[in-house]
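Scroll down for the structure; my scribbles are underneath it.
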Amino acid sequence: MAEAPTAAPPTDPEQRAGQEPEEAIAPGPWERALDWALAPFVEIGTLAQLAGETLFWLVRRPFRGRLFIEQMEFIGVGSIFLVSLTGFFVGAVLGLQLVDGFRQFGAENQVGAVVGMAMAREIGPVFSALMVTSRAGSAMTTELGSMRVSDQINALIVMAVHPVQFLVVPRVVAGVVMVPVLTLMFNIVGLTGAYAVCTRMLGIDPGVFLGQMRWIVDWRDVRMGLVKAAVFGAAIALIACRQGFFASGGAAGVGRATNRAVVQSAIAILALDYLITALILGQGLAG
Amino acid sequence: MTRAEVDPVHIRVRDLHKSYGAHHVLKGVSFDVLRHKTNVVIGPSGSGKSVLMRQIIRLEKPDSGQVLVDGVDYASLEGMALQSKRRQMGMVFQASALFDSMTVFDNVAFPLREHTKLSRKEIRERVMARLESLGIAAAHAKWPAELSGGMQRRVAVARATVLETEILIYDEPTTGLDPLTVLTVDELIAETEEKFGVTSLVISHDMASVFRIADRITFLYFGEVAVSGSPAEVLERADGPIMEFIEASGVSRDFIERRAKEAG
C-alpha cells in the first residue's frame with residue numbers, strides 16, 4: 001500500500017524551517033504557467049488516490065457502524081427539509097413553464113410525461129446533489145479542515161487510527177447511500193408540486209397528467225437517476241474530504257478550501273452528469 | 001532483560017535528513033533520548049524542531065537516517081508495521097488537538113475504544129482513574145472548548161498515556177500560555193514522567209521552562225545539533241548562537257546556572 005496522504009505539506013514557517021534566504025528560488029513565469037496548466041490533473045490525481053485509499057480502507061476492520069449512521073443522519077436526514085423544499089418549488093415552476101410553453105403548439109397534455117422524465121433522469125439527481133453540496137459538503141470540508149489545522153488529524157495518526165478510514169470512508173459511504181434516497185424524495189415532492197400547479201391552477205386534467213407520466217416514464221429512467229445520484233454522492237464526499245483533509249493556512253485556509261470544495265463539486269456534478277448520461281444512452285461521447 | 005540491564009537510551013536518532021524541495025531542513029541530526037528522563041530539544045524558530053518531531057513520530061518519512069526505538073528503526077517502517085508500532089509513542093500537540101466533537105471522557109476513552117477489547121465498565125474505570133491521577137476527574141463531562149489551556153494539556157496527557165505509552169512527545173507545550181500556567185505544565189511533565197514512567201521528549205523554545213524540567217538538552221541550530229548533554233554541560237559548552245539565544249530569551253543567566261547546577 002502506498003503511504004497514506006496523511007500529513008499535509010508543510011506550510012507554517014516552523015515547518016519550513018532551516019531555509020536560508022538564498023536557497024529560496026521564486027518560480028519563474030513559465031514555471032507558474034506550467035503549474036497552473038497542470039493543476040487540474042494534479043487535483044484529479046489526488047482525488048483518485050484518495051478514492052483508492054477509501055476503497056482500501058472500506059473493506060478493512062474495524063467497521064465503525066456508529067460513524068456510518070452518524071454521517072447518514074447528517075447527510076441524509078439533515079438534508080430532508082432543504083431537498084423537499086427545493087423539490088417542491090422546482091417541480092411547481094417546471095410544471096408552470098412547460099404548460100405555458102406546450103400550450104403554444106397544443107401539447108400541454110404531455111406535461112406529466114415530460115416533468116416525470118426530466119425529474120427522474122436529470123433534475124432529481126442534479127438538484128439533490130447540489131443541495132447536499134451546499135449543506136453537507138461545505139460542512140464536511142470545514143469540519144475536516146478545522147481538524148487538520150488544529151492537529152486533530154495528526155492526533156488520529158499518532159494514535160494509530162487511520163484518518164482515511166475514520167473520517168473519509170463513513171462520509172463517502174453515506175454520500176453514496178443517501179444522495180439516491182434524497183433524489184427519490186426530491187422526485188416525489190417535485191412531482192407533487194408539478195401535479196398541484198398543473199391540475200389545480202392551470203387546468204390540466206389529473207388523469208391525463210398521471211396517465212401520460214405512467215405511459216412514458218419507466219423504471220429505467222428512475223434507475224438512471226439513482227445511478228447518477230450515487231456517483232454524485234461519492235464525488236461530493238470525496239471532493240469535500242479531499243479539500244478539508246489537505247487544508248492549510250489556519251481559518252482563512254479552511255475558508256478557501258470550503259470555497260474550492262463547493263465550486264469543484266458543482267462542476268463535477270454537471271460534468272459527471274453528461275458523462276453518465278452519454279454512457280447509459282450509448283451516444284454523445286464520440287461522433 | 002532485567003530493569004538494571006535496560007538500555008538507558010530509549011531513542012537513538014542517527015544522521016536524520018529531511019528536505020522540502022530545495023530546502024534542506026534537517027542536515028544529519030543525531031542525538032539520544034534517555035529512558036524515563038525529560039529530554040528537551042530547543043532551538044530558535046526555523047531551526048527545524050517541529051520538522052524533527054514530525055520525523056520521530058512518523059507524521060512524515062525522513063529522507064534518510066534512523067530513528068531507533070529500542071533497536072527498531074521507525075524511519076524505515078511502512079504500512080501496517082508502522083501502524084502497529086505507533087501505540088508505543090504518544091503525543092501532546094501544541095494546541096492539545098483534543099477532538100472538539102467529543103467530551104473530555106470520550107477523548108481519553110478514544111484510544112481504549114479503538115485499540116482494546118475492554119468492556120464499557122473497564123474503560124470507564126481506566127479513564128476515570130487516569131483523569132483522577134491528573135486532577136481533572138471533575139471535568140470529565142466537559143467539552144474541550146470549556147477548558148483552560150492548562151486543563152486541555154492535562155486531558156491531552158491523559159489521552160496520550162491511557163494506553164500505557166512508553167514515550168511521550170510534547171510539541172511546544174507552553175506556547176501561548178500565561179506564566180503561571182506554564183509552571184503547571186512544567187509540573188505536569190515531571191508528574192507524568194514520575195507517575196506513568198514515560199520517557200519524555202519535549203520540543204520547546206521556552207528557555208526558563210527548559211532549564212526547569214530538562215534532564216538532557218539538545219540544541220538544534222539550523223537543522224544541525226549544536227550541542228547535546230545535561231543542562232550543566234550545555235551551559236558549559238554554550239557559545240555564540242546558543243548564548244545569544246539564551247540571552248535573547250530574557251531569562252537571567254544566574255537562574256539558568258542555578259537550575260543547571262541543581263539538575264546536573
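Ordering of the C-alpha cells sets the chain letters (A, B, ...); residue numbers start at 1 within each chain; ligands are numbered from 1 in the order shown.
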Exercise: Phe93 in chain B partners within 10 Å, only C-alpha atoms, chain neighbours under 5 positions left out, as a compact mmCIF listing (two decimals) with all heavy atoms, in the first residue's frame:
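Saved the output as around_31.txt:
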# COMPACT_ATOMS: atom_id res chain seq x y z
N SER A 150 -5.94 22.20 13.32
CA SER A 150 -5.75 22.13 14.78
C SER A 150 -5.08 20.82 15.19
O SER A 150 -5.12 20.43 16.36
CB SER A 150 -7.09 22.30 15.49
OG SER A 150 -7.95 21.23 15.14
N ASP A 151 -4.47 20.13 14.24
CA ASP A 151 -3.68 18.91 14.50
C ASP A 151 -4.52 17.72 14.94
O ASP A 151 -3.96 16.71 15.38
CB ASP A 151 -2.59 19.17 15.56
CG ASP A 151 -1.30 19.67 14.94
OD1 ASP A 151 -1.03 19.33 13.77
OD2 ASP A 151 -0.57 20.42 15.60
N GLN A 152 -5.85 17.79 14.84
CA GLN A 152 -6.66 16.65 15.27
C GLN A 152 -6.47 15.45 14.33
O GLN A 152 -6.55 14.31 14.77
CB GLN A 152 -8.14 17.04 15.34
CG GLN A 152 -8.44 18.01 16.47
CD GLN A 152 -9.89 18.44 16.47
OE1 GLN A 152 -10.80 17.64 16.43
NE2 GLN A 152 -10.11 19.74 16.51
N ASN A 154 -3.62 14.80 12.76
CA ASN A 154 -2.32 14.24 13.17
C ASN A 154 -2.46 13.44 14.46
O ASN A 154 -1.78 12.43 14.64
CB ASN A 154 -1.30 15.36 13.35
CG ASN A 154 -0.80 15.88 12.01
OD1 ASN A 154 -0.90 15.19 11.00
ND2 ASN A 154 -0.28 17.09 11.99
N ALA A 155 -3.34 13.91 15.36
CA ALA A 155 -3.56 13.18 16.61
C ALA A 155 -4.12 11.79 16.32
O ALA A 155 -3.72 10.80 16.94
CB ALA A 155 -4.52 13.95 17.52
N LEU B 98 -7.29 18.17 21.04
CA LEU B 98 -8.39 17.32 21.54
C LEU B 98 -9.50 17.33 20.50
O LEU B 98 -9.68 18.34 19.81
CB LEU B 98 -8.91 17.87 22.87
CG LEU B 98 -7.89 17.92 24.01
CD1 LEU B 98 -8.48 18.61 25.23
CD2 LEU B 98 -7.40 16.52 24.37
N ARG B 153 -4.10 20.69 28.26
CA ARG B 153 -2.84 19.94 28.20
C ARG B 153 -2.95 18.68 29.07
O ARG B 153 -2.45 17.62 28.71
CB ARG B 153 -1.66 20.78 28.70
CG ARG B 153 -1.41 22.07 27.97
CD ARG B 153 -0.98 21.87 26.51
NE ARG B 153 -0.37 23.08 25.98
CZ ARG B 153 -1.04 24.13 25.50
NH1 ARG B 153 -2.36 24.13 25.49
NH2 ARG B 153 -0.39 25.18 25.03
N ALA B 156 -4.91 16.15 27.27
CA ALA B 156 -4.10 15.61 26.17
C ALA B 156 -3.10 14.59 26.72
O ALA B 156 -2.86 13.55 26.08
CB ALA B 156 -3.37 16.74 25.45
N VAL B 157 -2.52 14.88 27.89
CA VAL B 157 -1.59 13.92 28.51
C VAL B 157 -2.34 12.65 28.89
O VAL B 157 -1.87 11.53 28.65
CB VAL B 157 -0.90 14.55 29.74
CG1 VAL B 157 -0.20 13.48 30.57
CG2 VAL B 157 0.09 15.62 29.31
N ALA B 160 -2.94 10.68 25.80
CA ALA B 160 -1.72 10.14 25.21
C ALA B 160 -1.12 9.01 26.03
O ALA B 160 -0.34 8.22 25.51
CB ALA B 160 -0.69 11.26 25.04
N ILE B 169 5.78 12.58 23.57
CA ILE B 169 6.41 13.73 22.93
C ILE B 169 5.51 14.95 23.11
O ILE B 169 4.30 14.87 22.85
CB ILE B 169 6.65 13.44 21.42
CG1 ILE B 169 7.56 12.21 21.28
CG2 ILE B 169 7.26 14.65 20.74
CD1 ILE B 169 7.87 11.82 19.87
N TYR B 170 6.10 16.04 23.56
CA TYR B 170 5.35 17.29 23.75
C TYR B 170 5.85 18.29 22.71
O TYR B 170 7.05 18.57 22.65
CB TYR B 170 5.62 17.89 25.12
CG TYR B 170 5.24 17.04 26.31
CD1 TYR B 170 6.10 16.03 26.77
CD2 TYR B 170 4.05 17.25 26.99
CE1 TYR B 170 5.77 15.27 27.88
CE2 TYR B 170 3.72 16.49 28.11
CZ TYR B 170 4.58 15.50 28.54
OH TYR B 170 4.26 14.74 29.65
N ASP B 171 4.93 18.82 21.91
CA ASP B 171 5.33 19.82 20.93
C ASP B 171 5.00 21.22 21.47
O ASP B 171 3.83 21.58 21.56
CB ASP B 171 4.58 19.57 19.61
CG ASP B 171 4.99 20.56 18.52
OD1 ASP B 171 6.09 21.15 18.64
OD2 ASP B 171 4.22 20.75 17.57
N GLU B 172 6.03 21.96 21.82
CA GLU B 172 5.87 23.32 22.35
C GLU B 172 4.72 23.38 23.36
O GLU B 172 3.74 24.12 23.14
CB GLU B 172 5.58 24.30 21.19
CG GLU B 172 6.54 24.20 20.03
CD GLU B 172 7.69 25.19 20.12
OE1 GLU B 172 7.82 25.86 21.17
OE2 GLU B 172 8.45 25.29 19.16
N PRO B 173 4.83 22.65 24.47
CA PRO B 173 3.65 22.55 25.37
C PRO B 173 3.31 23.84 26.10
O PRO B 173 2.20 23.97 26.61
CB PRO B 173 4.08 21.48 26.37
CG PRO B 173 5.56 21.50 26.37
CD PRO B 173 5.98 21.88 24.98
Item to check | Who sits within 6 Å of range 226-233 of chain A, only C-alpha atoms, same chain under 2 positions skipped, as a list in words | outcome: Pro125, Gly175, Val176, Val179, Pro180, Arg223, Met224, Ala235, Ile236 and Ile269 of chain A
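The closest residue to Gly253 in chain A, picked from A:Val149, A:Val172, A:Leu238, A:Leu275 and counting only C-alpha atoms, is A:Val149.
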Next on the checklist: According to DSSP computed on the backbone, where in range 102-233 of chain B is there alpha helix (DSSP H)? Give the residues as a PyMOL selection string.
Outcome noted: chain B and resi 104-115+120-133+149-161+179-196+207-213+231-233
Checklist entry - Neighbours of Glu143 in chain A within 10 Å (only C-alpha atoms; same-chain residues fewer than 4 positions away dropped), as a ChimeraX atom specification? => result /A:137-139,147-148,240-241,244-245,254,258 /B:101
Could you save those same residues with C-alpha atoms as an mmCIF file, in the first residue's frame?
data_model
loop_
_atom_site.group_PDB
_atom_site.id
_atom_site.type_symbol
_atom_site.label_atom_id
_atom_site.label_comp_id
_atom_site.auth_asym_id
_atom_site.auth_seq_id
_atom_site.Cartn_x
_atom_site.Cartn_y
_atom_site.Cartn_z
ATOM 1 C CA GLY A 137 -20.337 19.071 1.501
ATOM 2 C CA SER A 138 -19.299 22.501 2.699
ATOM 3 C CA ALA A 139 -19.755 21.434 6.330
ATOM 4 C CA MET A 147 -9.369 19.178 12.312
ATOM 5 C CA ARG A 148 -6.372 19.469 10.003
ATOM 6 C CA ALA A 240 -15.235 17.755 0.313
ATOM 7 C CA CYS A 241 -12.966 15.395 2.250
ATOM 8 C CA GLY A 244 -10.699 19.541 4.138
ATOM 9 C CA PHE A 245 -8.091 16.844 4.587
ATOM 10 C CA VAL A 254 -10.231 26.446 5.746
ATOM 11 C CA THR A 258 -14.588 25.164 1.591
ATOM 12 C CA SER B 101 -16.721 16.883 18.914
#
Checklist entry - To one decimal place, how far is CA of Val93 in chain A from CA of Ile280 in chain A in Å? => result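 That distance, rounded to one decimal, is 27.8 Å.
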Checklist entry - What lies within 12 Å of Ile204 in chain A using only C-alpha atoms, ignoring chain neighbours under 6 positions off, as a list in words? => result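 Within the cut-off, the hits are Gly95, Leu96, Leu98, Val99, Asp100, Phe102, Arg103, Ala107, Glu108, Asn109, Gln110, Val111, Gly112, Ala194, Tyr195, Ala196, Val197, Cys198, Leu210, Gly211 and Gln212 of chain A.
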Item to check | Polymer residues at most 12 Å from Ile44 in chain A, only C-alpha atoms, same-chain spacing of 6 or more positions, as a list in words | outcome: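 In the requested format, the answer is Leu38, Leu50, Ala51, Ala235, Leu238, Ile239, Arg242, Gln264 and Ala268 of chain A.
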File of the preceding selection, C-alpha atoms, as a tab-separated table (two decimals), in the first residue's frame:
chain	number	residue	atom	x	y	z
A	38	LEU	CA	-1.15	21.07	-14.58
A	50	LEU	CA	-7.96	9.36	-2.06
A	51	ALA	CA	-10.67	7.28	-3.78
A	235	ALA	CA	-17.92	12.70	-5.79
A	238	LEU	CA	-14.55	12.77	-1.89
A	239	ILE	CA	-14.08	16.36	-3.04
A	242	ARG	CA	-10.01	15.98	-0.07
A	264	GLN	CA	-15.40	21.79	-7.66
A	268	ALA	CA	-18.03	17.70	-11.04
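Between chain B and the candidates A:Ala160, A:Ala92, A:Ala261, A:Ala120, the tightest atom-to-atom separation, counting only C-alpha atoms, involves A:Ala160.
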Next on the checklist: Taking only C-alpha atoms into account and nothing else, which residues of chain B lie no more than 10 Å away from chain A? Please answer as a PyMOL selection string.
Outcome noted: chain B and resi 19-27+44-52+54+57-61+78-80+82-101+110-111+114-115+156+159-160+163+221-224
Item to check | Selection near Val67 in chain B, 7 Å with only C-alpha atoms, sequence-local residues under 5 positions removed, as a PyMOL selection string | outcome: chain B and resi 11-14+56+73-75
With N, CA and C atoms kept, could you save the residues just selected as a PDB file, in the first residue's frame?
ATOM      1  N   ILE B  11      15.641   6.244  22.640  1.00  0.00           N
ATOM      2  CA  ILE B  11      15.595   6.534  21.190  1.00  0.00           C
ATOM      3  C   ILE B  11      16.979   7.011  20.747  1.00  0.00           C
ATOM      4  N   ARG B  12      17.450   6.426  19.648  1.00  0.00           N
ATOM      5  CA  ARG B  12      18.698   6.905  19.049  1.00  0.00           C
ATOM      6  C   ARG B  12      18.355   7.514  17.688  1.00  0.00           C
ATOM      7  N   VAL B  13      18.528   8.808  17.566  1.00  0.00           N
ATOM      8  CA  VAL B  13      18.311   9.459  16.268  1.00  0.00           C
ATOM      9  C   VAL B  13      19.675   9.553  15.600  1.00  0.00           C
ATOM     10  N   ARG B  14      19.760   9.018  14.388  1.00  0.00           N
ATOM     11  CA  ARG B  14      21.058   8.961  13.738  1.00  0.00           C
ATOM     12  C   ARG B  14      21.015   9.538  12.316  1.00  0.00           C
ATOM     13  N   ILE B  56      10.311  11.958  13.946  1.00  0.00           N
ATOM     14  CA  ILE B  56      10.410  10.976  15.040  1.00  0.00           C
ATOM     15  C   ILE B  56       9.071  10.273  15.246  1.00  0.00           C
ATOM     16  N   ASP B  73      13.931   0.467  13.843  1.00  0.00           N
ATOM     17  CA  ASP B  73      14.076   1.721  13.094  1.00  0.00           C
ATOM     18  C   ASP B  73      12.714   2.226  12.621  1.00  0.00           C
ATOM     19  N   TYR B  74      12.179   3.224  13.323  1.00  0.00           N
ATOM     20  CA  TYR B  74      10.892   3.810  12.955  1.00  0.00           C
ATOM     21  C   TYR B  74      10.922   4.431  11.562  1.00  0.00           C
ATOM     22  N   ALA B  75      12.083   4.954  11.210  1.00  0.00           N
ATOM     23  CA  ALA B  75      12.179   5.681   9.936  1.00  0.00           C
ATOM     24  C   ALA B  75      11.944   4.764   8.750  1.00  0.00           C
TER      25      ALA B  75
END
Item to check | Close residues, range 242-247 of chain B itself excluded, 8 Å, only C-alpha atoms, min 6 positions apart in chain, as a PyMOL selection string | outcome: chain B and resi 43-44+207+219+253
Would you output that residue set with C-alpha atoms, as an mmCIF file, in the first residue's frame?
data_model
loop_
_atom_site.group_PDB
_atom_site.id
_atom_site.type_symbol
_atom_site.label_atom_id
_atom_site.label_comp_id
_atom_site.auth_asym_id
_atom_site.auth_seq_id
_atom_site.Cartn_x
_atom_site.Cartn_y
_atom_site.Cartn_z
ATOM 1 C CA GLY B 43 16.332 25.967 19.240
ATOM 2 C CA PRO B 44 15.225 29.217 17.692
ATOM 3 C CA MET B 207 14.369 28.681 27.991
ATOM 4 C CA PHE B 219 20.215 22.427 20.977
ATOM 5 C CA ARG B 253 21.987 33.643 33.354
#
Next on the checklist: What's the separation between CA of Pro170 in chain A and CA of Leu67 in chain A, in Å to one decimal place?
Outcome noted: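 It comes out at 6.2 Å.
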Item to check | Per-residue DSSP, range 41-141 of chain B, filtered to strand (DSSP E or B), as a list in words | outcome: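 After running DSSP on the backbone, range 41-141 of chain B has strand (DSSP E or B) at Val41, Ile42, Ser64, Gly65, Gln66, Val67, Leu68, Val69, Val72, Asp73, Met89, Gly90, Met91, Val92, Phe93 and Ser96 of chain B.
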